[in-house]
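See below for the structure under consideration.
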Amino acid sequence: MDTTSRLLMLLDVIERGSFAKSAASRNIDRSVISKQISRLEEELGVRLLNRTTRSFSLTAAGAEMVKKAEQLRELLGETVRLAENYHQEPRGVLKITSSTILGRRFIQPVINDFQKRFPQVEIELHLDDQLVDVVADGFDLAFRMGEPKDSSLIARKIARNRLVLLASPEFIETYGMPTSIEELGDYPAASYWSQSIRVESIRYYNDNNEICELKTKSTFRANDGEVLLMKALSGTAYVLVPTFVIENEVKDGLLIPLLTDVKLMDYSPMYAMYPHRDLPVRTRLFFDAVKDYLGKEIPIWENSIPNFEQLYQGK
């Protein structure tokens with residue numbers, strides 16, 4: 001292993017926060033990482049880390065070396081991207097991360113078609129509903145619903161994400177069809193809850209176009225949109241969900257939109273995020289393929305709800 005590789009290994013350890021996590025990401029033993037960092041210190045003739053049995057911290061020299069390693073990684077990445085853009089035919093490995101539902105329903109179909117067109121491109125798809133470190137984990141593209149939290153990434157909004165209120169015919173038979181948003185507040189609801197997001201209310205615009213909020217009576221909470229739909233299908237709760245989780249439940253009459261004359265606030269859009277503006281050919285072509293598949297104005301998932309363009313736009 002050369003000095004460049006060891007510097008990048010040091011950077012990886014710092015970004016991940018531990019030798020063990022860096023080793024796990026490389027599928028090697030922790031001791032290998034430790035030995036290579038020690039070898040780097042010998043080569044440079046300075047101590048880079050202050051180590052104890054349970055933790056480590058950067059020395060002043062180590063902090064400077066990490067800055068240089070960041071610059072080195074960026075330079076190497078630019079060099080590779082520049083070379084790749086001279087290929088007439090896209091090739092190489094494309095690493096993509098996405099939330100689970102998005103990846104399974106909307107990214108995988110694009111991958112299948114893309115690799116038919118460009119068989120020399122290998123694709124790694126990582127599905128995770130938890131945020132990942134795009135740069136440290138070496139991803140070329142990330143797809144997520146919601147406003148990006150990492151300001152170091154370039155983020156492009158690629159599709160809107162409207163909400164819909166749904167209940168099963170059995171639920172409506174039991175509780176009645178609500179005639180006002182206030183009445184809905186007394187009905188049992190299935191709500192999205194996770195470590196980072198808790199949906200405890202319905203946000204909408206009143207007749208004066210002012211933002212209002214109705215506290216829901218949540219009787220069931222889960223961190224998965226498909227599970228919430230299953231709860232609504234059981235007839236024991238209504239649900240407020242983004243349209244991208246709907247398949248044919250509305251078309252088949254299994255779920256019915258409620259209070260369609262209420263103007264609901266949109267949920268956060270779908271974003272594509274990537275580390276660099278100068279995208280390799282394969283990354284740029286895949287990004288364009290995803291946009292084309294999703295639709296330029298009306299996203300593909302809204303087609304699963306008949307006449308949805310006229311729903312939830314206010315009276």
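Chain labels follow the order of the structure tokens: the first chain is A, the next B, and so on; residue numbering restarts at 1 in every chain, and ligands are counted from 1 in their shown order.
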Checklist line | Contacts of Thr179 in chain A at 12 Å (only C-alpha atoms; same-chain gap of 2+ positions) as a list in words | finding: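 Final neighbour list, sorted by chain and number: Ile172, Tyr175, Gly176, Met177, Ile181, Glu182, Glu183, Leu184, Gly185, Leu258, Leu259, Thr260, Asp261 and Val262 of chain A.
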Take the residues that were just selected and, keeping C-alpha atoms, output them as a tab-separated table (two decimals), in the first residue's frame.
```
chain	number	residue	atom	x	y	z
A	172	ILE	CA	-66.18	4.48	6.06
A	175	TYR	CA	-67.19	5.59	11.10
A	176	GLY	CA	-69.03	7.37	8.30
A	177	MET	CA	-67.67	9.56	5.51
A	181	ILE	CA	-61.47	18.30	8.23
A	182	GLU	CA	-62.45	19.01	11.85
A	183	GLU	CA	-64.62	15.91	11.95
A	184	LEU	CA	-61.70	13.81	10.76
A	185	GLY	CA	-59.82	14.79	13.91
A	258	LEU	CA	-61.28	11.43	1.84
A	259	LEU	CA	-62.12	15.15	1.89
A	260	THR	CA	-60.84	15.76	-1.62
A	261	ASP	CA	-61.98	19.40	-1.56
A	262	VAL	CA	-59.45	20.21	1.20
```
Quick one: residues within 9 Å of Ile101 in chain A, only C-alpha atoms, excluding same-chain residues fewer than 3 positions away - as a PDB file with N, CA and C atoms, in the first residue's frame?
```pdb
ATOM      1  N   SER A  98     -30.637   4.764  -2.037  1.00  0.00           N
ATOM      2  CA  SER A  98     -32.015   5.255  -2.096  1.00  0.00           C
ATOM      3  C   SER A  98     -32.781   4.738  -0.887  1.00  0.00           C
ATOM      4  N   ARG A 104     -36.990   0.391  -4.701  1.00  0.00           N
ATOM      5  CA  ARG A 104     -37.645  -0.821  -5.193  1.00  0.00           C
ATOM      6  C   ARG A 104     -38.632  -0.515  -6.323  1.00  0.00           C
ATOM      7  N   ARG A 105     -39.399   0.564  -6.177  1.00  0.00           N
ATOM      8  CA  ARG A 105     -40.467   0.841  -7.142  1.00  0.00           C
ATOM      9  C   ARG A 105     -40.032   1.691  -8.330  1.00  0.00           C
ATOM     10  N   PHE A 106     -39.111   2.623  -8.109  1.00  0.00           N
ATOM     11  CA  PHE A 106     -38.849   3.610  -9.156  1.00  0.00           C
ATOM     12  C   PHE A 106     -37.405   3.668  -9.639  1.00  0.00           C
ATOM     13  N   LEU A 127     -30.168   0.091  -0.554  1.00  0.00           N
ATOM     14  CA  LEU A 127     -31.451   0.576  -0.056  1.00  0.00           C
ATOM     15  C   LEU A 127     -31.390   0.730   1.455  1.00  0.00           C
ATOM     16  N   ASP A 129     -33.409   3.264   4.623  1.00  0.00           N
ATOM     17  CA  ASP A 129     -34.259   4.396   4.996  1.00  0.00           C
ATOM     18  C   ASP A 129     -33.547   5.348   5.946  1.00  0.00           C
ATOM     19  N   ASP A 224     -42.897   2.968   8.275  1.00  0.00           N
ATOM     20  CA  ASP A 224     -42.896   2.422   6.923  1.00  0.00           C
ATOM     21  C   ASP A 224     -44.234   2.721   6.259  1.00  0.00           C
ATOM     22  N   GLY A 225     -44.187   3.357   5.078  1.00  0.00           N
ATOM     23  CA  GLY A 225     -45.408   3.748   4.391  1.00  0.00           C
ATOM     24  C   GLY A 225     -46.269   2.581   3.969  1.00  0.00           C
ATOM     25  N   GLU A 226     -45.644   1.480   3.558  1.00  0.00           N
ATOM     26  CA  GLU A 226     -46.416   0.322   3.131  1.00  0.00           C
ATOM     27  C   GLU A 226     -47.157  -0.315   4.307  1.00  0.00           C
ATOM     28  N   PHE A 244     -46.431   8.615  -3.508  1.00  0.00           N
ATOM     29  CA  PHE A 244     -45.493   7.649  -4.091  1.00  0.00           C
ATOM     30  C   PHE A 244     -45.589   6.258  -3.465  1.00  0.00           C
ATOM     31  N   VAL A 245     -46.271   6.121  -2.321  1.00  0.00           N
ATOM     32  CA  VAL A 245     -46.402   4.789  -1.720  1.00  0.00           C
ATOM     33  C   VAL A 245     -47.638   4.047  -2.242  1.00  0.00           C
TER      34      VAL A 245
END
```
Notebook entry, point to check: Quick one, how far is CA of Met1 in chain A from CA of Arg39 in chain A?
Noted result: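 So the two atoms, CA of Met1 in chain A and CA of Arg39 in chain A, lie 9.7 Å apart.
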For range 59-62 of chain A, find every residue with an atom within 8 Å (counting only C-alpha atoms), except residues of its own chain fewer than 4 positions away, and show them as a tab-separated table (two decimals) with C-alpha atoms, in the first residue's frame.
```
chain	number	residue	atom	x	y	z
A	46	VAL	CA	5.07	12.71	12.54
A	47	ARG	CA	2.40	11.44	14.92
A	48	LEU	CA	-1.03	11.79	13.36
A	49	LEU	CA	-3.25	10.36	16.09
A	50	ASN	CA	-3.25	10.40	19.87
A	66	VAL	CA	-6.61	15.08	6.86
```
Give me the residues of range 125-166 of chain A that have any atom at most 12 Å from an atom of range 305-313 of chain A; for each, the nearest atom pair and the distance in Å, rounded to one decimal. Use only C-alpha atoms, sort by chain and number, and format it as a tab-separated table.
```
residue	atom	partner	partner_atom	distance
A:Arg162	CA	A:Tyr312	CA	9.1
A:Leu163	CA	A:Tyr312	CA	8.4
A:Val164	CA	A:Tyr312	CA	7.7
A:Leu165	CA	A:Tyr312	CA	9.2
A:Leu166	CA	A:Ile305	CA	11.0
```
Atoms kept (C-alpha atoms) for selection, written as a short mmCIF file (atom, residue, chain, number, x, y, z; two decimals), in the first residue's frame:
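What follows is the written file result-v4.cif:
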```
data_model
loop_
_atom_site.label_atom_id
_atom_site.label_comp_id
_atom_site.auth_asym_id
_atom_site.auth_seq_id
_atom_site.Cartn_x
_atom_site.Cartn_y
_atom_site.Cartn_z
CA ARG A 162 -48.27 15.40 -2.86
CA LEU A 163 -50.28 13.86 -0.01
CA VAL A 164 -53.55 11.96 0.03
CA LEU A 165 -56.03 11.01 2.76
CA LEU A 166 -57.23 7.42 2.41
#
```
Checklist line | Close residues, range 288-298 of chain A itself excluded, 9 Å, only C-alpha atoms, min 3 positions apart in chain, as a count of residues only | finding: 16
Next item on the list: For CA of Tyr204 in chain A and CA of Leu240 in chain A, quote the distance in Å rounded to one decimal.
Entry: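 Taking CA of Tyr204 in chain A and CA of Leu240 in chain A, their separation equals 12.0 Å.
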Next item on the list: Report the residues of range 71-292 of chain A whose backbone DSSP state falls under strand (DSSP E), written as JSON, numbers by chain.
Entry: {"A": [92, 93, 94, 95, 96, 97, 98, 121, 122, 123, 124, 125, 126, 127, 141, 142, 143, 144, 145, 154, 155, 156, 157, 158, 159, 160, 161, 163, 164, 165, 166, 167, 188, 189, 190, 191, 192, 201, 202, 203, 204, 205, 211, 212, 213, 214, 215, 217, 218, 219, 220, 221, 222, 238, 239, 240, 241, 242, 256, 257, 263, 264, 267, 268, 269, 270, 271, 272, 273, 274]}
For those residues, write C-alpha atoms to a file as a tab-separated table (two decimals), in the first residue's frame.
```tsv
chain	number	residue	atom	x	y	z
A	92	GLY	CA	-17.48	1.41	-14.85
A	93	VAL	CA	-19.28	1.07	-11.51
A	94	LEU	CA	-22.21	3.31	-10.55
A	95	LYS	CA	-23.00	3.31	-6.82
A	96	ILE	CA	-26.52	4.44	-5.90
A	97	THR	CA	-28.29	4.77	-2.56
A	98	SER	CA	-32.01	5.26	-2.10
A	121	VAL	CA	-21.96	-0.17	-16.62
A	122	GLU	CA	-22.05	-2.11	-13.35
A	123	ILE	CA	-24.53	-0.81	-10.75
A	124	GLU	CA	-24.57	-1.20	-6.98
A	125	LEU	CA	-27.89	-0.25	-5.35
A	126	HIS	CA	-27.97	0.28	-1.59
A	127	LEU	CA	-31.45	0.58	-0.06
A	141	LEU	CA	-26.03	9.31	-6.56
A	142	ALA	CA	-28.53	9.38	-3.69
A	143	PHE	CA	-32.31	9.54	-4.04
A	144	ARG	CA	-34.44	10.69	-1.11
A	145	MET	CA	-37.79	12.21	-0.25
A	154	ILE	CA	-25.42	19.11	-4.70
A	155	ALA	CA	-29.18	18.57	-4.55
A	156	ARG	CA	-31.60	18.60	-7.48
A	157	LYS	CA	-35.36	18.48	-7.02
A	158	ILE	CA	-36.71	15.99	-9.54
A	159	ALA	CA	-40.35	15.26	-8.61
A	160	ARG	CA	-43.10	16.71	-6.46
A	161	ASN	CA	-44.65	14.64	-3.71
A	163	LEU	CA	-50.28	13.86	-0.01
A	164	VAL	CA	-53.55	11.96	0.03
A	165	LEU	CA	-56.03	11.01	2.76
A	166	LEU	CA	-57.23	7.42	2.41
A	167	ALA	CA	-59.60	5.01	4.13
A	188	PRO	CA	-58.56	6.87	14.40
A	189	ALA	CA	-55.48	7.53	12.29
A	190	ALA	CA	-52.39	5.59	11.24
A	191	SER	CA	-49.36	7.89	11.42
A	192	TYR	CA	-45.76	7.88	10.25
A	201	SER	CA	-51.16	16.43	12.36
A	202	ILE	CA	-52.65	17.27	8.97
A	203	ARG	CA	-51.47	20.58	7.48
A	204	TYR	CA	-53.77	22.29	4.98
A	205	TYR	CA	-54.85	25.67	3.63
A	211	ILE	CA	-51.86	27.41	6.75
A	212	CYS	CA	-53.85	25.43	9.31
A	213	GLU	CA	-53.05	22.31	11.29
A	214	LEU	CA	-55.35	19.58	12.59
A	215	LYS	CA	-54.11	17.35	15.40
A	217	LYS	CA	-56.01	10.97	16.78
A	218	SER	CA	-53.17	8.54	16.14
A	219	THR	CA	-53.98	4.97	17.20
A	220	PHE	CA	-51.25	3.29	15.16
A	221	ARG	CA	-47.73	4.47	14.33
A	222	ALA	CA	-45.04	2.96	12.09
A	238	TYR	CA	-57.45	6.20	7.96
A	239	VAL	CA	-54.04	7.33	6.73
A	240	LEU	CA	-52.32	10.42	5.38
A	241	VAL	CA	-49.57	9.25	3.01
A	242	PRO	CA	-47.43	10.58	0.17
A	256	ILE	CA	-60.99	5.76	-1.05
A	257	PRO	CA	-59.71	9.36	-0.96
A	263	LYS	CA	-56.23	21.82	-0.05
A	264	LEU	CA	-53.49	19.74	1.53
A	267	TYR	CA	-44.92	16.72	1.34
A	268	SER	CA	-41.23	17.36	0.68
A	269	PRO	CA	-40.24	16.60	-2.93
A	270	MET	CA	-37.94	13.88	-4.22
A	271	TYR	CA	-34.32	14.94	-4.56
A	272	ALA	CA	-31.27	13.53	-6.28
A	273	MET	CA	-27.99	14.31	-4.49
A	274	TYR	CA	-24.42	13.88	-5.62
```
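Between CA of Lys35 in chain A and CA of Glu74 in chain A the separation is 25.0 Å.
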